[in-house]
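Report on one structure; see the data block that follows.
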Amino acid sequence: MSIISKSAIATGDGKFVIDHVTLAEPLVDEVLIKMKAAGLCHTDYDSLSWGKPVLMGHEGAGIVEKVGTSVNNLQQGDQVILNWATPCMSCFQCQEGNQHICENNSPVVAGRNGYTPGHAHLEGTQWQGKPIERSFNIGTLSEYALVKASALVKVDEENLNFPAASIVSCGVMTGYGSVVNSAQLKAGSSAVVLGCGGVGLNVINACEISGAGRIVAVDINPQKLELAKQFGATDVILAEKTDTGLSQVAEKVKKMFDGRGADYAFECTAIPALGAAPLAMIRNAGTAVQVSGIEEEITIDMRLFEWDKIYINPLYGKCRPEIDFPKLMRLYKKGDLKLNEMITREYPLEDLQQALDDMLQGRNAKGVITFN
């Protein structure tokens, strides 16, 4: 029996429509989810211009509606977080513990934004009588989502805050994981965070949770710096737009730390010209982390590596969903992980254009689409 679902459809030419799609019954290893909330990030805006129709959305939380016959770990009524980086658990990288860069299923590593084995059967979601791909294999900006069971992590918590849970599986995981899983920040150390948008705020929060002794937030927007203080920043630096490569900021950072620089620096701006900036902020033998996922050619002065500096470029905070998502929810329940504070505004699906505009104008730390 098919289900009609109101959904956001990227038409591939920079636009989207709110329309209905038809979802089929889940196959043996698939699950039908009634969506409760879906977070928004810049990838959702990018999906408008992928040159093909796509069911939008790649992070969210909901309730299990139906399960396929071979799905044994989930049942109707279970609360779940949807994860776009669906591991196959059998490829080389999954066997190495690198589930976030699965060679078979990852829409980033294996198939860009296309159709990989991590995608539920293509014919299972149809728009205007034709199969339509789901963004990052899951398509969460929809009243219902048909996904592989491997894309789901069960959350055993009474009265789950679905908007809070919905943002875990992208920016929160990326920011937290870059600090904890990738950089493995040591308690008492110092950190500089370049860019205080949604991901940067999560990096700051994770540095605080990890026990950083000093956290320096850098941004060109004074309001974002005030928000950074709420998430754990101990110091702030207002950068100038004319400060190419943030060289002036780097000099201020060095003076803060006895002329050496900080132990760690995290780039969260997604501005290619700042790809090398964290190297200028750290001491010799410090660690620079490129969090924002810059994917284009840049030029780096190799003297910035002097001496013994480490530069890493992790994907999705080295996420292991079955391990990391429950941990993040425990930190949230404890009050350490600031998910409620991250959500600036909630919107119905019909107001998606306003939500995207607010995101692009920097009015939100995080916007969330909610469903009845």
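Numbering starts fresh at 1 for the residues of each chain in the structure tokens, the chains themselves are lettered A, B, ... in the order given, and ligands are numbered from 1 as they appear.
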### Task
Using only C-alpha atoms, determine which residues lie at most 9 Å from Val147 in chain A, disregarding the query and same-chain residues fewer than 3 positions distant; provide the list as a count of residues only.
17
### Query
Just asking: which residues within range 99-242 of chain A are alpha helix (DSSP H) according to DSSP, as a PyMOL selection string?
chain A and resi 162-166+173-177+198-209+222-230
### Message
Considering only C-alpha atoms, can you say which of A:Glu25, A:Asp324, A:Asp308, A:Asp235 comes closest to Gly177 in chain A?
### Response
A:Asp324
### Message
List as a VMD selection string the protein and nucleic acid residues near Asn205 in chain A, meaning an atom at most 8 Å away when only C-alpha atoms are counted, but skip any in the same chain fewer than 5 places from it.
### Response
chain A and resid 176 231 to 232 337 to 338
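Contact shell of His20 in chain A at 7 Å (only C-alpha atoms; same-chain neighbours under 2 positions omitted): Ile4, Ser5, Lys6, Ser7 and Thr22 of chain A.
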Export of the given selection (N, CA and C atoms) as a CSV table (one decimal), in the first residue's frame:
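Once everything was written out, this is result-v8.csv:
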```csv
chain,number,residue,atom,x,y,z
A,4,ILE,N,1.1,8.8,0.3
A,4,ILE,CA,1.4,10.1,-0.3
A,4,ILE,C,2.0,11.0,0.7
A,5,SER,N,3.1,11.6,0.3
A,5,SER,CA,3.9,12.4,1.3
A,5,SER,C,4.2,13.8,0.7
A,6,LYS,N,3.8,14.9,1.5
A,6,LYS,CA,4.2,16.2,1.1
A,6,LYS,C,5.7,16.4,1.3
A,7,SER,N,6.4,16.9,0.3
A,7,SER,CA,7.8,16.9,0.3
A,7,SER,C,8.4,18.1,-0.4
A,22,THR,N,5.0,9.8,-4.0
A,22,THR,CA,4.4,8.5,-3.6
A,22,THR,C,5.4,7.6,-3.1
```
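Between CA of Ile323 in chain A and CA of Thr140 in chain A there is a distance of 21.8 Å.
In this comparison, which uses only C-alpha atoms, the residue of A:Leu349, A:Ala262, A:Leu48, A:Leu315 approaching Cys170 in chain A most closely is A:Leu315.
Counting only C-alpha atoms and comparing A:Asp44, A:Asp336, A:Glu267, A:Glu322, the residue that lies closest to Pro87 in chain A is A:Glu322.
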#### Entry: Leu352 in chain A surroundings by only C-alpha atoms, 9 Å radius, close-in-sequence under 5 positions cut, as a PyMOL selection string
chain A and resi 8+18+347+357+369
Quick one: write out the picked residues with N, CA, C and O atoms as a PDB file, in the first residue's frame?
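Listed below is the output, selection.pdb:
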```pdb
ATOM      1  N   ALA A   8       9.644  18.432  -0.133  1.00  0.00           N
ATOM      2  CA  ALA A   8      10.378  19.486  -0.826  1.00  0.00           C
ATOM      3  C   ALA A   8      11.203  18.840  -1.936  1.00  0.00           C
ATOM      4  O   ALA A   8      12.020  17.958  -1.668  1.00  0.00           O
ATOM      5  N   ILE A  18       7.175  22.572  -3.371  1.00  0.00           N
ATOM      6  CA  ILE A  18       6.550  21.723  -2.361  1.00  0.00           C
ATOM      7  C   ILE A  18       5.447  20.953  -3.082  1.00  0.00           C
ATOM      8  O   ILE A  18       4.500  21.542  -3.605  1.00  0.00           O
ATOM      9  N   TYR A 347      10.277  25.905  11.547  1.00  0.00           N
ATOM     10  CA  TYR A 347       9.419  26.311  10.442  1.00  0.00           C
ATOM     11  C   TYR A 347       8.572  25.121   9.979  1.00  0.00           C
ATOM     12  O   TYR A 347       9.037  23.983  10.018  1.00  0.00           O
ATOM     13  N   ASP A 357      16.280  31.380   3.293  1.00  0.00           N
ATOM     14  CA  ASP A 357      16.706  32.783   3.273  1.00  0.00           C
ATOM     15  C   ASP A 357      17.353  33.172   4.599  1.00  0.00           C
ATOM     16  O   ASP A 357      18.404  33.839   4.626  1.00  0.00           O
ATOM     17  N   ILE A 369      12.968  22.314  10.151  1.00  0.00           N
ATOM     18  CA  ILE A 369      11.626  22.105   9.640  1.00  0.00           C
ATOM     19  C   ILE A 369      10.949  21.051  10.519  1.00  0.00           C
ATOM     20  O   ILE A 369      11.517  19.982  10.770  1.00  0.00           O
TER      21      ILE A 369
END
```
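Residues of range 13-64 of chain A assigned to strand (DSSP E or B) by DSSP on this structure's backbone: Phe16, Val17, Ile18, Asp19, His20, Val21, Thr22, Leu23, Glu30, Val31, Leu32, Ile33, Lys34, Met35, Lys36, Ala37, Ala38, Gly39, Val54, Leu55, Gly60, Ala61, Gly62, Ile63 and Val64 of chain A.
Residue neighbourhood of Phe92 in chain A, excluding near-sequence residues (fewer than 6 positions): Asn98, Cys102 and Glu103 of chain A, at 9 Å, using only C-alpha atoms.
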#### Entry: range 107-111 of chain A surroundings by only C-alpha atoms, 12 Å radius, close-in-sequence under 6 positions cut, as a VMD selection string
chain A and resid 43 58 83 to 88 91 93 98 to 101 117 to 119 133 to 138 293 295 315 to 316
### Task
Could you check which of A:Gly129, A:Gly261, A:Gly245, A:Pro321 is closest to Ala288 in chain A, using only C-alpha atoms?
A:Gly261
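Among the candidates A:Ile300, A:Val179, A:Val368, A:Ile215, the residue lying nearest to Leu40 in chain A is A:Val368 (atoms considered: only C-alpha atoms).
Across the structure, CA of Gly175 in chain A and CA of Glu59 in chain A are spaced 14.6 Å apart.
Taking CA of Gln361 in chain A and CA of Met342 in chain A as the two end points, the separation is 16.3 Å.
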## Note on the structure
Between A:Ala61, A:Ala145, A:Val155, A:Val180, smallest distance to Arg330 in chain A by only C-alpha atoms belongs to A:Val155
